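Structure first, commentary second.
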Amino acid sequence: MSDTQSKAAGAGRAETELSAAERALREFVHIDHDRGRRCGVGEVVFGQGKRPEEVAQILAALCRAQGRALATRVTPEAAAAVGGLLAAEDALPPLRYDPLARCLTLEATPPAPAGRGEVLVLSAGTSDGAVAAEAARVLEFLGHRAARISDVGVAGLHRLLGHLDRLRAAEVIIACAGMEGALPSVVAGLVECPVIAVPTSVGYGAHLGGLAPLLNMLTSCAAGVVVVNIDNGFGAAYAAAQINRRAGRPE
């Protein structure tokens, strides 16, 4: 068999495999292409627990329909596998992976600028950085101005107070913290904007994998703190985007 024939046979097999994968996709998932119109944000893929071929096919389908697609909680190994599966898809934009945020994106078009102001994403310690990075990356994907301030936990309160002007200028603040989870309460006592608290699974034994900061944040003595689930940077970013987007609407 010549090289040309080999390539043609390989392409034929790839096409057959892709068609089979697309048929399988329709059997196990119903993509919500109308969510962007209903909710303002299109469907996002939760990558954890999905096989690379499932993530690849859903991302491709979303990108073809809406020009952009995002998957969260994707490991480096899964991201590499997804990249290999989509490499032959000429009609798709380049696949981009943020290893700290664990986010995969396909973006044929840039996001439309959204919201009135800046969403500030704080992390109490360096160990909380992955959750904060997920929140910031999701916000950027959705077209919001996001900035991060890291390592401003309450063990060194002067570090947080050194950013007081930026805290008070933010439209929304996301505060990610493990250990006892005190950062959101302190921040909420300093600013007038909404504060979204994210407990992280960072801490020693009695921290209980994030349960201790979750309960502390839920019982915060600072009024107005709202709390998402443990390590849920995506959920915090989505809520912040909704607040910021509505704040930017003309009256």
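Each chain in the structure tokens gets a letter, A, B, ..., in the order shown, and its residues are numbered from 1; ligands are numbered from 1 in order too.
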Please provide as a ChimeraX atom specification all residues within 8 Å of stretch 224-234 of chain A, with the sequence filter that same-chain residues fewer than 4 positions apart are discarded (counting only C-alpha atoms). /A:72,131-135,138,184-185,188,194-201,210-211,214,217-218,220,238
Now that the selection is made, can you save its residues with N, CA and C atoms as a short mmCIF file (atom, residue, chain, number, x, y, z; two decimals), in the first residue's frame?
```cif
data_model
loop_
_atom_site.label_atom_id
_atom_site.label_comp_id
_atom_site.auth_asym_id
_atom_site.auth_seq_id
_atom_site.Cartn_x
_atom_site.Cartn_y
_atom_site.Cartn_z
N THR A 72 -14.36 22.73 32.65
CA THR A 72 -13.65 22.91 33.91
C THR A 72 -13.27 21.56 34.50
N VAL A 131 -8.25 27.18 43.02
CA VAL A 131 -9.67 27.54 43.05
C VAL A 131 -9.85 28.98 42.57
N ALA A 132 -8.98 29.87 43.04
CA ALA A 132 -9.04 31.27 42.61
C ALA A 132 -8.76 31.40 41.11
N ALA A 133 -7.82 30.60 40.61
CA ALA A 133 -7.50 30.65 39.18
C ALA A 133 -8.68 30.19 38.34
N GLU A 134 -9.40 29.16 38.81
CA GLU A 134 -10.59 28.71 38.09
C GLU A 134 -11.62 29.83 38.02
N ALA A 135 -11.85 30.51 39.15
CA ALA A 135 -12.82 31.60 39.17
C ALA A 135 -12.42 32.70 38.20
N VAL A 138 -12.79 31.58 34.45
CA VAL A 138 -14.19 31.53 34.02
C VAL A 138 -14.72 32.93 33.78
N PRO A 184 -13.34 35.86 53.99
CA PRO A 184 -14.54 36.56 53.51
C PRO A 184 -15.19 37.45 54.56
N SER A 185 -15.20 37.02 55.82
CA SER A 185 -15.81 37.83 56.89
C SER A 185 -15.05 39.13 57.07
N ALA A 188 -15.76 41.39 54.00
CA ALA A 188 -17.12 41.93 54.00
C ALA A 188 -17.30 43.07 55.00
N PRO A 194 -20.91 43.12 46.94
CA PRO A 194 -21.17 41.73 47.29
C PRO A 194 -19.87 40.94 47.46
N VAL A 195 -19.85 40.07 48.46
CA VAL A 195 -18.70 39.19 48.71
C VAL A 195 -19.16 37.75 48.59
N ILE A 196 -18.54 37.02 47.68
CA ILE A 196 -18.86 35.61 47.47
C ILE A 196 -17.72 34.78 48.07
N ALA A 197 -18.06 33.95 49.04
CA ALA A 197 -17.06 33.17 49.76
C ALA A 197 -16.94 31.77 49.16
N VAL A 198 -15.70 31.32 49.00
CA VAL A 198 -15.44 29.98 48.47
C VAL A 198 -14.57 29.22 49.48
N PRO A 199 -15.13 28.27 50.22
CA PRO A 199 -14.30 27.44 51.08
C PRO A 199 -13.47 26.47 50.23
N THR A 200 -12.21 26.28 50.61
CA THR A 200 -11.38 25.35 49.85
C THR A 200 -11.03 24.15 50.72
N SER A 201 -10.62 23.08 50.06
CA SER A 201 -10.30 21.82 50.74
C SER A 201 -8.86 21.80 51.22
N GLY A 210 -12.57 20.88 54.00
CA GLY A 210 -13.29 22.08 53.57
C GLY A 210 -14.59 22.30 54.31
N LEU A 211 -15.04 21.32 55.10
CA LEU A 211 -16.30 21.47 55.82
C LEU A 211 -16.21 22.56 56.89
N LEU A 214 -16.42 25.97 55.32
CA LEU A 214 -17.78 26.12 54.78
C LEU A 214 -18.74 26.54 55.89
N MET A 217 -18.03 30.10 57.10
CA MET A 217 -18.49 31.12 56.15
C MET A 217 -20.01 31.26 56.20
N LEU A 218 -20.71 30.13 56.35
CA LEU A 218 -22.17 30.17 56.44
C LEU A 218 -22.64 30.89 57.70
N SER A 220 -20.97 33.41 59.14
CA SER A 220 -20.19 34.64 59.22
C SER A 220 -20.95 35.73 59.97
N TYR A 238 -19.56 32.30 38.23
CA TYR A 238 -20.85 32.42 37.54
C TYR A 238 -21.75 33.41 38.28
#
```
When DSSP works through the backbone of this structure, what residues of stretch 108-147 of chain A end up as strand (DSSP E or B), shown as a PyMOL selection string? chain A and resi 118-123+145-147
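The environment of A:Thr105 within 10 Å, counting only C-alpha atoms and disregarding residues fewer than 3 places along the same chain, consists of A:Leu59, A:Cys63, A:Arg68, A:Ala69, A:Leu70, A:Ala71, A:Thr72, A:Pro93, A:Pro94, A:Leu95, A:Arg96, A:Tyr97, A:Asp98, A:Ala108, A:Arg137, A:Val138, A:Phe141.
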Taking the chain letters and numbering used in this document, name the residues of stretch 134-228 of chain A that DSSP puts in helix (DSSP H, G or I), as a PDB file with C-alpha atoms, in the first residue's frame.
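Output contents, as saved in out39.pdb:
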```
ATOM      1  CA  GLU A 134     -10.589  28.708  38.095  1.00  0.00           C
ATOM      2  CA  ALA A 135     -12.821  31.601  39.166  1.00  0.00           C
ATOM      3  CA  ALA A 136     -10.692  34.179  37.353  1.00  0.00           C
ATOM      4  CA  ARG A 137     -10.436  32.112  34.163  1.00  0.00           C
ATOM      5  CA  VAL A 138     -14.187  31.527  34.024  1.00  0.00           C
ATOM      6  CA  LEU A 139     -14.841  35.245  34.487  1.00  0.00           C
ATOM      7  CA  GLU A 140     -12.455  36.098  31.650  1.00  0.00           C
ATOM      8  CA  PHE A 141     -14.095  33.511  29.409  1.00  0.00           C
ATOM      9  CA  VAL A 154      -5.877  36.817  57.923  1.00  0.00           C
ATOM     10  CA  ALA A 155      -2.660  35.442  59.431  1.00  0.00           C
ATOM     11  CA  GLY A 156      -1.060  38.642  58.134  1.00  0.00           C
ATOM     12  CA  LEU A 157      -3.863  41.184  58.069  1.00  0.00           C
ATOM     13  CA  HIS A 158      -1.560  43.984  56.897  1.00  0.00           C
ATOM     14  CA  ARG A 159      -1.238  42.199  53.532  1.00  0.00           C
ATOM     15  CA  LEU A 160      -4.977  42.512  52.917  1.00  0.00           C
ATOM     16  CA  LEU A 161      -5.208  46.100  54.184  1.00  0.00           C
ATOM     17  CA  LEU A 164      -7.913  48.406  50.579  1.00  0.00           C
ATOM     18  CA  ASP A 165      -8.404  50.874  47.719  1.00  0.00           C
ATOM     19  CA  ARG A 166      -8.708  48.049  45.171  1.00  0.00           C
ATOM     20  CA  LEU A 167     -11.087  46.137  47.421  1.00  0.00           C
ATOM     21  CA  ARG A 168     -13.386  49.135  47.719  1.00  0.00           C
ATOM     22  CA  ALA A 169     -13.275  49.834  43.977  1.00  0.00           C
ATOM     23  CA  LEU A 183     -11.021  35.883  54.918  1.00  0.00           C
ATOM     24  CA  PRO A 184     -14.545  36.563  53.506  1.00  0.00           C
ATOM     25  CA  SER A 185     -15.805  37.826  56.885  1.00  0.00           C
ATOM     26  CA  VAL A 186     -12.921  40.271  57.196  1.00  0.00           C
ATOM     27  CA  VAL A 187     -13.355  41.482  53.622  1.00  0.00           C
ATOM     28  CA  ALA A 188     -17.122  41.934  53.997  1.00  0.00           C
ATOM     29  CA  GLY A 205      -7.371  17.197  59.897  1.00  0.00           C
ATOM     30  CA  ALA A 206     -10.117  19.031  61.794  1.00  0.00           C
ATOM     31  CA  HIS A 207     -10.565  21.162  58.700  1.00  0.00           C
ATOM     32  CA  LEU A 208     -12.486  18.123  57.381  1.00  0.00           C
ATOM     33  CA  GLY A 209     -11.668  18.642  53.720  1.00  0.00           C
ATOM     34  CA  GLY A 210     -13.289  22.076  53.567  1.00  0.00           C
ATOM     35  CA  LEU A 211     -16.303  21.472  55.820  1.00  0.00           C
ATOM     36  CA  ALA A 212     -14.905  23.636  58.653  1.00  0.00           C
ATOM     37  CA  PRO A 213     -14.445  26.778  56.514  1.00  0.00           C
ATOM     38  CA  LEU A 214     -17.779  26.122  54.781  1.00  0.00           C
ATOM     39  CA  LEU A 215     -19.601  26.179  58.151  1.00  0.00           C
ATOM     40  CA  ASN A 216     -17.617  29.205  59.326  1.00  0.00           C
ATOM     41  CA  MET A 217     -18.492  31.121  56.153  1.00  0.00           C
ATOM     42  CA  LEU A 218     -22.167  30.174  56.440  1.00  0.00           C
TER      43      LEU A 218
END
```
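The protein and nucleic acid residues lying at most 10 Å from A:Ala112 are Phe141, Leu142, Gly143 and His144 of chain A, with only C-alpha atoms considered and sequence neighbours fewer than 6 positions away removed.
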Skip A:Thr75 itself and residues of its chain fewer than 4 positions away, then list as a list in words all residues within 12 Å of it, counting only C-alpha atoms. Phe46, Gly47, Gln48, Gly49, Lys50, Arg51, Pro52, Val55, Ala71, Ala79, Ala80, Ala81, Val82, Tyr97, Asp98, Pro99, Leu100, Ala101, Arg102, Cys103 and Leu104 of chain A
Write the residues of the preceding selection, restricted to N, CA and C atoms, as a PDB file, in the first residue's frame.
```pdb
ATOM      1  N   PHE A  46     -18.499  20.221  32.746  1.00  0.00           N
ATOM      2  CA  PHE A  46     -17.796  19.799  33.963  1.00  0.00           C
ATOM      3  C   PHE A  46     -16.990  18.568  33.601  1.00  0.00           C
ATOM      4  N   GLY A  47     -15.665  18.726  33.509  1.00  0.00           N
ATOM      5  CA  GLY A  47     -14.823  17.670  32.963  1.00  0.00           C
ATOM      6  C   GLY A  47     -14.548  16.510  33.890  1.00  0.00           C
ATOM      7  N   GLN A  48     -14.623  16.744  35.186  1.00  0.00           N
ATOM      8  CA  GLN A  48     -14.291  15.685  36.144  1.00  0.00           C
ATOM      9  C   GLN A  48     -15.254  14.517  36.014  1.00  0.00           C
ATOM     10  N   GLY A  49     -14.702  13.308  35.894  1.00  0.00           N
ATOM     11  CA  GLY A  49     -15.535  12.114  35.775  1.00  0.00           C
ATOM     12  C   GLY A  49     -15.925  11.753  34.360  1.00  0.00           C
ATOM     13  N   LYS A  50     -15.632  12.635  33.395  1.00  0.00           N
ATOM     14  CA  LYS A  50     -15.946  12.336  31.999  1.00  0.00           C
ATOM     15  C   LYS A  50     -14.706  11.790  31.305  1.00  0.00           C
ATOM     16  N   ARG A  51     -14.903  10.898  30.348  1.00  0.00           N
ATOM     17  CA  ARG A  51     -13.816  10.383  29.539  1.00  0.00           C
ATOM     18  C   ARG A  51     -13.355  11.459  28.558  1.00  0.00           C
ATOM     19  N   PRO A  52     -12.063  11.468  28.170  1.00  0.00           N
ATOM     20  CA  PRO A  52     -11.568  12.487  27.243  1.00  0.00           C
ATOM     21  C   PRO A  52     -12.373  12.572  25.951  1.00  0.00           C
ATOM     22  N   VAL A  55     -15.509  14.589  26.678  1.00  0.00           N
ATOM     23  CA  VAL A  55     -15.205  16.020  26.788  1.00  0.00           C
ATOM     24  C   VAL A  55     -14.930  16.613  25.413  1.00  0.00           C
ATOM     25  N   ALA A  71     -14.510  23.904  29.350  1.00  0.00           N
ATOM     26  CA  ALA A  71     -14.611  22.740  30.232  1.00  0.00           C
ATOM     27  C   ALA A  71     -13.791  23.014  31.483  1.00  0.00           C
ATOM     28  N   ALA A  79      -6.534  16.666  29.468  1.00  0.00           N
ATOM     29  CA  ALA A  79      -6.404  17.774  28.519  1.00  0.00           C
ATOM     30  C   ALA A  79      -5.559  17.367  27.321  1.00  0.00           C
ATOM     31  N   ALA A  80      -4.463  16.636  27.581  1.00  0.00           N
ATOM     32  CA  ALA A  80      -3.614  16.170  26.485  1.00  0.00           C
ATOM     33  C   ALA A  80      -4.374  15.204  25.583  1.00  0.00           C
ATOM     34  N   ALA A  81      -5.161  14.326  26.191  1.00  0.00           N
ATOM     35  CA  ALA A  81      -5.938  13.367  25.404  1.00  0.00           C
ATOM     36  C   ALA A  81      -6.997  14.078  24.571  1.00  0.00           C
ATOM     37  N   VAL A  82      -7.673  15.058  25.154  1.00  0.00           N
ATOM     38  CA  VAL A  82      -8.678  15.822  24.413  1.00  0.00           C
ATOM     39  C   VAL A  82      -8.025  16.560  23.252  1.00  0.00           C
ATOM     40  N   TYR A  97      -5.314  25.287  27.232  1.00  0.00           N
ATOM     41  CA  TYR A  97      -5.442  24.673  28.550  1.00  0.00           C
ATOM     42  C   TYR A  97      -4.701  25.508  29.581  1.00  0.00           C
ATOM     43  N   ASP A  98      -5.374  25.808  30.687  1.00  0.00           N
ATOM     44  CA  ASP A  98      -4.758  26.496  31.829  1.00  0.00           C
ATOM     45  C   ASP A  98      -4.565  25.446  32.922  1.00  0.00           C
ATOM     46  N   PRO A  99      -3.321  25.011  33.167  1.00  0.00           N
ATOM     47  CA  PRO A  99      -3.115  23.898  34.109  1.00  0.00           C
ATOM     48  C   PRO A  99      -3.429  24.245  35.559  1.00  0.00           C
ATOM     49  N   LEU A 100      -3.254  25.511  35.960  1.00  0.00           N
ATOM     50  CA  LEU A 100      -3.581  25.878  37.341  1.00  0.00           C
ATOM     51  C   LEU A 100      -5.088  25.931  37.537  1.00  0.00           C
ATOM     52  N   ALA A 101      -5.792  26.564  36.611  1.00  0.00           N
ATOM     53  CA  ALA A 101      -7.260  26.652  36.693  1.00  0.00           C
ATOM     54  C   ALA A 101      -7.931  25.355  36.287  1.00  0.00           C
ATOM     55  N   ARG A 102      -7.209  24.480  35.582  1.00  0.00           N
ATOM     56  CA  ARG A 102      -7.726  23.208  35.054  1.00  0.00           C
ATOM     57  C   ARG A 102      -8.909  23.444  34.115  1.00  0.00           C
ATOM     58  N   CYS A 103      -8.761  24.472  33.276  1.00  0.00           N
ATOM     59  CA  CYS A 103      -9.816  24.831  32.330  1.00  0.00           C
ATOM     60  C   CYS A 103      -9.341  24.641  30.898  1.00  0.00           C
ATOM     61  N   LEU A 104     -10.202  24.045  30.076  1.00  0.00           N
ATOM     62  CA  LEU A 104      -9.975  23.883  28.635  1.00  0.00           C
ATOM     63  C   LEU A 104     -10.925  24.809  27.893  1.00  0.00           C
TER      64      LEU A 104
END
```
Between A:Ala87, A:Ala78, A:Ala146, A:Leu62, which one has atoms that come closest to A:Arg116, using only C-alpha atoms? A:Ala146
Two-atom distance - atom CA of A:Thr126, atom CA of A:Gly203 (Å): 12.2 Å
